[in-house]
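Remarks on the structure that follows.
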Amino acid sequence: MSHSEAYARLVGWDNLLEAWRKAARGKRGMGAAATFEHRLTDRLIELESELYTHVYTPGDYVHFHIHEPKVRKISAAPFRDRVVHHALCNIIEPRFERRFLPHSYANRRGKGTHRAVDRLQDHARRYRFALRMDVVRHFPSIDHAILTDLLARAIPEDDIMDLVGRILESGRGVLADEYEMVWFPGDDLMAAERPRGLPIGNLTSQFWSNCYLDPLDHFIVRHLRCSAYVRYVDDLALFSDDKRKLWRWKSDIVQRLADLRLTIHDHNAQVAPVTTGTPWLGFIVYPSHRRIKARKIVNFDRRLRLHWSEYCAGQITFAEFDASVQGWLAHVSYADTWGLRNHILGRPLSGRPRAEPKSIAGVESPDES
């Protein structure tokens with residue numbers, strides 16, 4: 001069976017080995033990643049054969065829920081499927097990256113949460129008003145037919161699109177209980193049966209989310225001529241000195257999103273002075289400073305005490321407890337939180353560990369209380 005040059009590279013040994021390295025990063029020696037690595041050569045050869053002969057079929061997802069910042073259903077693909085996701089993205093992602101505008105910051109190399117916050121604050125210092133919007137149930141609402149058409153514009157290879165279709169189909173209905181039907185002009189009764197939804201947790205889902213909203217980015221920057229624009233996944237922020245222009249842009253964006261079968265949380269989409277603070281990725285961003293949302297502080301305080309209890313009970317190591325604290329410190333250091341960090345971490349924690357903990361800045365051991 002003949003293959004396109006790009007597909008041959010996709011299923012080639014070097015690409016699959018690199019895909020395994022990426023999928024196993026930070027997980028080697030643990031669970032499914034360790035099982036896969038135990039017979040790595042055999043498993044990659046088996047995967048290569050299945051992909052080469054087009055008999056590869058994605059496995060079943062494992063579902064669980066997280067509760068921060070809101071309840072989300074996470075769907076974890078089997079490890080071997082995650083290797084395939086990386087192998088696919090290794091080939092097709094560079095094509096789309098050349099098309100993407102610099103205004104989107106999620107799941108892109110050299111971007112990320114903190115750079116998105118920096119960029120938003122830059123705009124808040126230059127303009128008087130901000131319009132912040134977010135999409136209702138973004139991942140459950142992504143329409144498979146629209147996404148397939150968008151992907152096919154940059155992927156002319158039928159064999160790669162066949163693999164895309166298999167992965168896309170494996171997530172069909174995974175988030176059906178998360179989606180509430182929205183009717184758009186021209187819909188008939190069959191619109192309710194349109195395949196939709198991308199599993200939250202897949203590498204491909206994160207990447208395809210950017211592909212899906214890329215036309216919106218181009219619409220805002222090229223058609224509306226709004227250069228002061230930032231997007232992180234489905235969170236959008238636009239800036240201007242003209243309040244009425246922002247309200248017009250909101251209406252235009254709502255219409256453009258309808259073409260993608262998406263809607264916004266209308267009550268949250270308000271034009272406000274930047275001096276009142278713009279909610280953005282867990283921060284409240286002002287032109288002169290940043291604060292952490294109160295809900296984030298409460299959630300961390302709860303997690304801190306839970307993890308300390310787990311450490312005292314011997315359920316996690318001190319290194320794991322310390323990593324959770326240091327990760328939070330690194331994140332909130334992007335805001336003006338010196339006093340907050342000292343307040344949260346300066347309080348004594350109840351309970352006594354089975355072994356004496358190493359020192360951790362700002363956390364008192366029980367003997368110091």
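Identifiers in this document derive from the order of the structure tokens: chains are assigned A, B, ..., residues are numbered from 1 separately in each chain, and ligands are numbered from 1 in order of occurrence.
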
Subject >> Residues within 12 Å of Arg303 of chain A, only C-alpha atoms, excluding chain neighbours under 3 positions, as a PyMOL selection string >> reply: chain A and resi 67-68+296-300+306-310+321+324-325+328+344

I need the residues from that last selection saved to file as a PDB file, in the first residue's frame (with N, CA and C atoms), if you can.
ATOM      1  N   HIS A  67     -12.032  19.699  39.833  1.00  0.00           N
ATOM      2  CA  HIS A  67     -12.999  20.669  40.360  1.00  0.00           C
ATOM      3  C   HIS A  67     -12.445  22.082  40.447  1.00  0.00           C
ATOM      4  N   GLU A  68     -11.345  22.353  39.770  1.00  0.00           N
ATOM      5  CA  GLU A  68     -10.782  23.694  39.812  1.00  0.00           C
ATOM      6  C   GLU A  68     -10.376  24.119  38.417  1.00  0.00           C
ATOM      7  N   LYS A 296      -8.910  31.315  43.895  1.00  0.00           N
ATOM      8  CA  LYS A 296      -7.654  30.603  43.737  1.00  0.00           C
ATOM      9  C   LYS A 296      -6.922  30.470  45.072  1.00  0.00           C
ATOM     10  N   ILE A 297      -7.007  31.513  45.887  1.00  0.00           N
ATOM     11  CA  ILE A 297      -6.348  31.486  47.191  1.00  0.00           C
ATOM     12  C   ILE A 297      -7.001  30.441  48.090  1.00  0.00           C
ATOM     13  N   VAL A 298      -8.332  30.430  48.121  1.00  0.00           N
ATOM     14  CA  VAL A 298      -9.071  29.467  48.939  1.00  0.00           C
ATOM     15  C   VAL A 298      -8.746  28.042  48.488  1.00  0.00           C
ATOM     16  N   ASN A 299      -8.715  27.827  47.181  1.00  0.00           N
ATOM     17  CA  ASN A 299      -8.439  26.487  46.655  1.00  0.00           C
ATOM     18  C   ASN A 299      -7.039  26.020  47.037  1.00  0.00           C
ATOM     19  N   PHE A 300      -6.051  26.929  46.941  1.00  0.00           N
ATOM     20  CA  PHE A 300      -4.696  26.511  47.296  1.00  0.00           C
ATOM     21  C   PHE A 300      -4.583  26.204  48.777  1.00  0.00           C
ATOM     22  N   LEU A 306      -4.612  19.631  52.640  1.00  0.00           N
ATOM     23  CA  LEU A 306      -4.872  18.245  52.236  1.00  0.00           C
ATOM     24  C   LEU A 306      -3.558  17.515  51.966  1.00  0.00           C
ATOM     25  N   HIS A 307      -2.653  18.147  51.219  1.00  0.00           N
ATOM     26  CA  HIS A 307      -1.386  17.509  50.895  1.00  0.00           C
ATOM     27  C   HIS A 307      -0.522  17.316  52.138  1.00  0.00           C
ATOM     28  N   TRP A 308      -0.599  18.263  53.090  1.00  0.00           N
ATOM     29  CA  TRP A 308       0.146  18.088  54.327  1.00  0.00           C
ATOM     30  C   TRP A 308      -0.384  16.880  55.105  1.00  0.00           C
ATOM     31  N   SER A 309      -1.707  16.731  55.146  1.00  0.00           N
ATOM     32  CA  SER A 309      -2.307  15.575  55.814  1.00  0.00           C
ATOM     33  C   SER A 309      -1.880  14.273  55.132  1.00  0.00           C
ATOM     34  N   GLU A 310      -1.831  14.289  53.788  1.00  0.00           N
ATOM     35  CA  GLU A 310      -1.399  13.099  53.056  1.00  0.00           C
ATOM     36  C   GLU A 310       0.060  12.780  53.360  1.00  0.00           C
ATOM     37  N   PHE A 321       4.993  16.770  48.275  1.00  0.00           N
ATOM     38  CA  PHE A 321       4.351  17.886  48.968  1.00  0.00           C
ATOM     39  C   PHE A 321       5.040  19.201  48.619  1.00  0.00           C
ATOM     40  N   SER A 324       4.250  20.585  45.131  1.00  0.00           N
ATOM     41  CA  SER A 324       2.945  21.257  45.003  1.00  0.00           C
ATOM     42  C   SER A 324       3.030  22.693  45.521  1.00  0.00           C
ATOM     43  N   VAL A 325       3.777  22.895  46.604  1.00  0.00           N
ATOM     44  CA  VAL A 325       3.932  24.241  47.162  1.00  0.00           C
ATOM     45  C   VAL A 325       4.761  25.114  46.225  1.00  0.00           C
ATOM     46  N   TRP A 328       2.914  26.302  43.155  1.00  0.00           N
ATOM     47  CA  TRP A 328       1.998  27.412  43.432  1.00  0.00           C
ATOM     48  C   TRP A 328       2.773  28.711  43.607  1.00  0.00           C
ATOM     49  N   ILE A 344      -0.205  32.910  53.785  1.00  0.00           N
ATOM     50  CA  ILE A 344      -0.665  31.533  53.580  1.00  0.00           C
ATOM     51  C   ILE A 344       0.343  30.530  54.124  1.00  0.00           C
TER      52      ILE A 344
END

Give one line per residue of segment 230-328 of chain A that approaches segment 140-147 of chain A to at most 12 Å, naming the two atoms of the closest pair and their distance in Å to one decimal, counting only C-alpha atoms; sort by chain then ascending residue number and deliver it as a tab-separated table.
residue	atom	partner	partner_atom	distance
A:Asp234	CA	A:Ile142	CA	11.3
A:Leu257	CA	A:Ile142	CA	11.1
A:Ala258	CA	A:Ser141	CA	11.4
A:Asp259	CA	A:Ile146	CA	9.1
A:Leu260	CA	A:Ile146	CA	7.0
A:Arg261	CA	A:Asp143	CA	7.1
A:Leu262	CA	A:Ser141	CA	6.6
A:Thr263	CA	A:Ser141	CA	9.0
A:Ile264	CA	A:Ser141	CA	11.4

Restricted to all heavy atoms, what would the selected residues look like written as a tab-separated table (two decimals), in the first residue's frame?
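As a result, part18.tsv now contains:
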chain	number	residue	atom	x	y	z
A	234	ASP	N	-10.14	29.43	24.98
A	234	ASP	CA	-11.40	30.07	24.57
A	234	ASP	C	-11.64	31.38	25.32
A	234	ASP	O	-12.75	31.92	25.28
A	234	ASP	CB	-12.57	29.13	24.80
A	234	ASP	CG	-12.75	28.74	26.25
A	234	ASP	OD1	-11.71	28.54	26.94
A	234	ASP	OD2	-13.89	28.61	26.72
A	257	LEU	N	-18.53	33.70	15.57
A	257	LEU	CA	-18.51	32.46	16.33
A	257	LEU	C	-19.68	31.56	15.96
A	257	LEU	O	-19.57	30.32	16.00
A	257	LEU	CB	-18.55	32.76	17.84
A	257	LEU	CG	-17.23	33.20	18.47
A	257	LEU	CD1	-17.44	33.66	19.90
A	257	LEU	CD2	-16.21	32.06	18.45
A	258	ALA	N	-20.80	32.16	15.58
A	258	ALA	CA	-21.94	31.35	15.15
A	258	ALA	C	-21.59	30.50	13.93
A	258	ALA	O	-22.11	29.39	13.78
A	258	ALA	CB	-23.14	32.25	14.86
A	259	ASP	N	-20.70	31.01	13.06
A	259	ASP	CA	-20.25	30.22	11.91
A	259	ASP	C	-19.50	28.97	12.36
A	259	ASP	O	-19.44	27.98	11.63
A	259	ASP	CB	-19.33	31.05	11.00
A	259	ASP	CG	-20.05	32.24	10.37
A	259	ASP	OD1	-21.29	32.17	10.25
A	259	ASP	OD2	-19.38	33.22	10.02
A	260	LEU	N	-18.93	29.03	13.55
A	260	LEU	CA	-18.21	27.89	14.12
A	260	LEU	C	-19.09	27.11	15.09
A	260	LEU	O	-18.60	26.21	15.79
A	260	LEU	CB	-16.95	28.39	14.85
A	260	LEU	CG	-15.91	29.11	13.99
A	260	LEU	CD1	-14.83	29.74	14.87
A	260	LEU	CD2	-15.29	28.16	12.97
A	261	ARG	N	-20.36	27.48	15.16
A	261	ARG	CA	-21.34	26.84	16.05
A	261	ARG	C	-20.91	26.98	17.52
A	261	ARG	O	-21.02	26.03	18.31
A	261	ARG	CB	-21.58	25.38	15.66
A	261	ARG	CG	-22.05	25.20	14.22
A	261	ARG	CD	-22.47	23.77	13.94
A	261	ARG	NE	-23.68	23.40	14.68
A	261	ARG	CZ	-24.93	23.69	14.30
A	261	ARG	NH1	-25.15	24.36	13.17
A	261	ARG	NH2	-25.96	23.31	15.02
A	262	LEU	N	-20.46	28.16	17.85
A	262	LEU	CA	-20.05	28.47	19.21
A	262	LEU	C	-20.80	29.70	19.71
A	262	LEU	O	-21.19	30.56	18.91
A	262	LEU	CB	-18.54	28.72	19.29
A	262	LEU	CG	-17.61	27.58	18.89
A	262	LEU	CD1	-16.16	28.06	18.91
A	262	LEU	CD2	-17.78	26.37	19.80
A	263	THR	N	-20.95	29.80	21.02
A	263	THR	CA	-21.59	30.96	21.64
A	263	THR	C	-20.72	31.46	22.79
A	263	THR	O	-19.78	30.77	23.21
A	263	THR	CB	-22.99	30.61	22.19
A	263	THR	OG1	-22.87	29.54	23.15
A	263	THR	CG2	-23.93	30.17	21.07
A	264	ILE	N	-21.02	32.64	23.31
A	264	ILE	CA	-20.26	33.21	24.43
A	264	ILE	C	-21.15	33.30	25.66
A	264	ILE	O	-22.38	33.24	25.57
A	264	ILE	CB	-19.71	34.61	24.09
A	264	ILE	CG1	-20.87	35.59	23.86
A	264	ILE	CG2	-18.77	34.55	22.90
A	264	ILE	CD1	-20.42	37.05	23.86

Subject >> Residue list (alpha helix (DSSP H), DSSP) for segment 57-156 of chain A, as a PyMOL selection string >> reply: chain A and resi 79-97+113-126+138-141+144-152

Would you write out those residues with N, CA and C atoms, as a compact mmCIF listing (two decimals), in the first residue's frame?
# COMPACT_ATOMS: atom_id res chain seq x y z
N PHE A 79 -1.97 4.99 26.94
CA PHE A 79 -0.64 5.54 26.69
C PHE A 79 -0.22 5.36 25.24
N ARG A 80 -0.51 4.20 24.65
CA ARG A 80 -0.10 3.97 23.26
C ARG A 80 -0.78 4.97 22.32
N ASP A 81 -1.99 5.37 22.64
CA ASP A 81 -2.67 6.38 21.82
C ASP A 81 -2.02 7.75 21.98
N ARG A 82 -1.53 8.02 23.19
CA ARG A 82 -0.84 9.29 23.40
C ARG A 82 0.45 9.36 22.58
N VAL A 83 1.09 8.21 22.39
CA VAL A 83 2.26 8.16 21.51
C VAL A 83 1.85 8.52 20.08
N VAL A 84 0.72 7.99 19.63
CA VAL A 84 0.23 8.29 18.28
C VAL A 84 -0.12 9.77 18.16
N HIS A 85 -0.72 10.34 19.18
CA HIS A 85 -1.07 11.77 19.15
C HIS A 85 0.18 12.62 18.95
N HIS A 86 1.25 12.28 19.68
CA HIS A 86 2.50 13.02 19.52
C HIS A 86 3.09 12.80 18.13
N ALA A 87 3.02 11.57 17.64
CA ALA A 87 3.56 11.28 16.31
C ALA A 87 2.84 12.10 15.25
N LEU A 88 1.52 12.21 15.37
CA LEU A 88 0.73 12.99 14.42
C LEU A 88 1.07 14.47 14.52
N CYS A 89 1.10 14.99 15.75
CA CYS A 89 1.36 16.42 15.93
C CYS A 89 2.77 16.80 15.50
N ASN A 90 3.73 15.89 15.65
CA ASN A 90 5.09 16.17 15.19
C ASN A 90 5.11 16.53 13.71
N ILE A 91 4.21 15.93 12.94
CA ILE A 91 4.20 16.14 11.48
C ILE A 91 3.34 17.33 11.09
N ILE A 92 2.16 17.46 11.67
CA ILE A 92 1.23 18.47 11.17
C ILE A 92 1.30 19.81 11.92
N GLU A 93 1.76 19.79 13.17
CA GLU A 93 1.75 21.04 13.94
C GLU A 93 2.57 22.16 13.29
N PRO A 94 3.77 21.87 12.75
CA PRO A 94 4.53 22.97 12.12
C PRO A 94 3.78 23.66 10.99
N ARG A 95 2.94 22.92 10.27
CA ARG A 95 2.18 23.54 9.17
C ARG A 95 1.23 24.60 9.72
N PHE A 96 0.55 24.25 10.81
CA PHE A 96 -0.42 25.18 11.37
C PHE A 96 0.26 26.31 12.12
N GLU A 97 1.39 26.01 12.75
CA GLU A 97 2.09 27.04 13.50
C GLU A 97 2.46 28.21 12.59
N THR A 113 0.69 30.59 29.86
CA THR A 113 -0.17 31.40 30.72
C THR A 113 0.48 32.72 31.11
N HIS A 114 1.69 32.67 31.60
CA HIS A 114 2.29 33.88 32.15
C HIS A 114 2.62 34.90 31.07
N ARG A 115 3.01 34.44 29.90
CA ARG A 115 3.24 35.39 28.81
C ARG A 115 1.92 35.99 28.34
N ALA A 116 0.84 35.22 28.41
CA ALA A 116 -0.47 35.77 28.06
C ALA A 116 -0.86 36.86 29.05
N VAL A 117 -0.56 36.65 30.34
CA VAL A 117 -0.85 37.67 31.35
C VAL A 117 0.00 38.91 31.11
N ASP A 118 1.28 38.70 30.80
CA ASP A 118 2.16 39.85 30.51
C ASP A 118 1.62 40.67 29.34
N ARG A 119 1.20 39.95 28.29
CA ARG A 119 0.73 40.65 27.09
C ARG A 119 -0.55 41.42 27.38
N LEU A 120 -1.45 40.80 28.14
CA LEU A 120 -2.70 41.49 28.46
C LEU A 120 -2.42 42.75 29.28
N GLN A 121 -1.48 42.67 30.20
CA GLN A 121 -1.18 43.86 31.00
C GLN A 121 -0.54 44.95 30.13
N ASP A 122 0.27 44.55 29.16
CA ASP A 122 0.82 45.55 28.22
C ASP A 122 -0.30 46.33 27.55
N HIS A 123 -1.34 45.61 27.10
CA HIS A 123 -2.47 46.29 26.46
C HIS A 123 -3.23 47.16 27.46
N ALA A 124 -3.36 46.67 28.70
CA ALA A 124 -4.08 47.44 29.72
C ALA A 124 -3.37 48.75 30.04
N ARG A 125 -2.08 48.80 29.82
CA ARG A 125 -1.33 50.03 30.07
C ARG A 125 -1.44 51.02 28.92
N ARG A 126 -1.87 50.54 27.75
CA ARG A 126 -1.89 51.38 26.56
C ARG A 126 -3.30 51.83 26.18
N HIS A 138 -16.57 25.18 25.42
CA HIS A 138 -15.77 25.19 24.19
C HIS A 138 -15.47 23.79 23.67
N PHE A 139 -14.83 22.95 24.47
CA PHE A 139 -14.46 21.62 23.98
C PHE A 139 -15.66 20.73 23.66
N PRO A 140 -16.71 20.71 24.48
CA PRO A 140 -17.88 19.90 24.11
C PRO A 140 -18.59 20.41 22.86
N SER A 141 -18.41 21.69 22.51
CA SER A 141 -19.15 22.29 21.39
C SER A 141 -18.44 22.18 20.05
N HIS A 144 -17.34 18.47 14.64
CA HIS A 144 -16.39 17.62 13.91
C HIS A 144 -16.32 17.96 12.42
N ALA A 145 -17.44 18.26 11.81
CA ALA A 145 -17.44 18.55 10.37
C ALA A 145 -16.67 19.84 10.09
N ILE A 146 -16.89 20.85 10.90
CA ILE A 146 -16.19 22.12 10.71
C ILE A 146 -14.70 21.93 10.96
N LEU A 147 -14.35 21.21 12.03
CA LEU A 147 -12.95 20.98 12.35
C LEU A 147 -12.26 20.19 11.24
N THR A 148 -12.91 19.16 10.73
CA THR A 148 -12.32 18.36 9.66
C THR A 148 -12.03 19.21 8.43
N ASP A 149 -12.96 20.09 8.10
CA ASP A 149 -12.76 20.97 6.94
C ASP A 149 -11.58 21.91 7.16
N LEU A 150 -11.45 22.45 8.38
CA LEU A 150 -10.35 23.35 8.69
C LEU A 150 -9.00 22.62 8.63
N LEU A 151 -8.97 21.41 9.15
CA LEU A 151 -7.73 20.64 9.14
C LEU A 151 -7.33 20.23 7.73
N ALA A 152 -8.32 19.87 6.92
CA ALA A 152 -8.03 19.39 5.56
C ALA A 152 -7.42 20.48 4.69

**OP:** Could you give me, as number ranges by chain, the residues within 7 Å of segment 265-270 of chain A, counting only C-alpha atoms and dropping anything in the same chain fewer than 6 positions from it?
**Re:** A: 131-136

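By only C-alpha atoms, and with residues fewer than 2 positions from Leu168 of chain A along its chain excluded, the set lying at most 10 Å from it is Pro58, His144, Leu147, Thr148, Asp162, Leu163, Val164, Gly165, Arg166, Ser170, Gly171, Arg172, Pro195, Arg196, Gly197, Leu198, Pro199, Thr204, Ser205 and Trp208 of chain A.
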
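For the pair atom CA of Lys243 of chain A and atom CA of Ala272 of chain A, the separation is 8.2 Å.
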
Original post:
Which residue out of A:Ala8, A:Leu189, A:Leu16, A:Ala319 has the minimum interatomic distance to Glu157 of chain A when only C-alpha atoms are used?
Top reply: A:Ala8

Subject >> Test item, strand (DSSP E or B) assignment across segment 15-228 of chain A, answer as number ranges by chain >> reply: A: 62-66, 72-76, 104, 129-135, 143, 196

**OP:** Check the smallest atom-to-atom distance from each of A:Ser75, A:Thr53, A:Ser251, A:Thr275 to Leu203 of chain A using only C-alpha atoms, then report the winner.
**Re:** A:Ser75

**OP:** Record the distance separating atom CA of Ala106 of chain A and atom CA of Tyr232 of chain A, expressed in Å with one decimal.
**Re:** 5.0 Å

Original post:
Counting only C-alpha atoms, what is within 10 Å of Ala24 of chain A, bar same-chain residues fewer than 5 positions away, as a PyMOL selection string?
Top reply: chain A and resi 18-19+29-30+32-34+36-37+79+82-83

Residues from the last selection, C-alpha atoms, saved as a short mmCIF file (atom, residue, chain, number, x, y, z; two decimals), in the first residue's frame:
data_model
loop_
_atom_site.label_atom_id
_atom_site.label_comp_id
_atom_site.auth_asym_id
_atom_site.auth_seq_id
_atom_site.Cartn_x
_atom_site.Cartn_y
_atom_site.Cartn_z
CA GLU A 18 10.49 10.71 19.48
CA ALA A 19 6.73 10.59 20.09
CA GLY A 29 8.74 4.51 35.71
CA MET A 30 5.05 5.12 36.46
CA ALA A 32 1.10 2.77 31.84
CA ALA A 33 4.25 4.57 30.69
CA ALA A 34 6.43 2.06 32.56
CA PHE A 36 4.88 0.42 27.63
CA GLU A 37 8.60 1.02 28.14
CA PHE A 79 -0.64 5.54 26.69
CA ARG A 82 -0.84 9.29 23.40
CA VAL A 83 2.26 8.16 21.51
#

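If you measure from each of A:Asp241, A:Glu320, A:Asp301, A:Asp217 to Tyr229 of chain A using only C-alpha atoms, the closest one turns out to be A:Asp217.
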
**OP:** Please measure the separation of atom CA of Gly186 of chain A and atom CA of Gln255 of chain A, giving the value in Å to one decimal.
**Re:** 13.9 Å

Extract, using only C-alpha atoms, all DNA, RNA and protein residues at most 8 Å from Tyr61 of chain A, discarding same-chain residues fewer than 3 positions from it, and format them as a short mmCIF file (atom, residue, chain, number, x, y, z; two decimals) with C-alpha atoms, in the first residue's frame.
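out17.cif, written as the output of this step:
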data_model
loop_
_atom_site.label_atom_id
_atom_site.label_comp_id
_atom_site.auth_asym_id
_atom_site.auth_seq_id
_atom_site.Cartn_x
_atom_site.Cartn_y
_atom_site.Cartn_z
CA SER A 75 -10.66 11.95 29.44
CA ALA A 76 -7.30 10.15 29.48
CA ALA A 77 -6.41 8.16 26.38
CA PRO A 78 -4.39 4.92 26.70
#

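Among the candidates A:Ser49, A:Asn107, A:Thr41, A:Gln315, the residue lying nearest to Gly201 of chain A is A:Asn107 (atoms considered: only C-alpha atoms).
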
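Of the listed residues (A:Leu281, A:Gly12, A:Cys226, A:Tyr105), A:Leu281 comes nearest to Lys293 of chain A; the distances count only C-alpha atoms.
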
Original post:
Contacts of Val230 of chain A at 6 Å or less, counting only C-alpha atoms, minus same-chain residues fewer than 2 places along, as a VMD selection string?
Top reply: chain A and resid 103 236 to 237
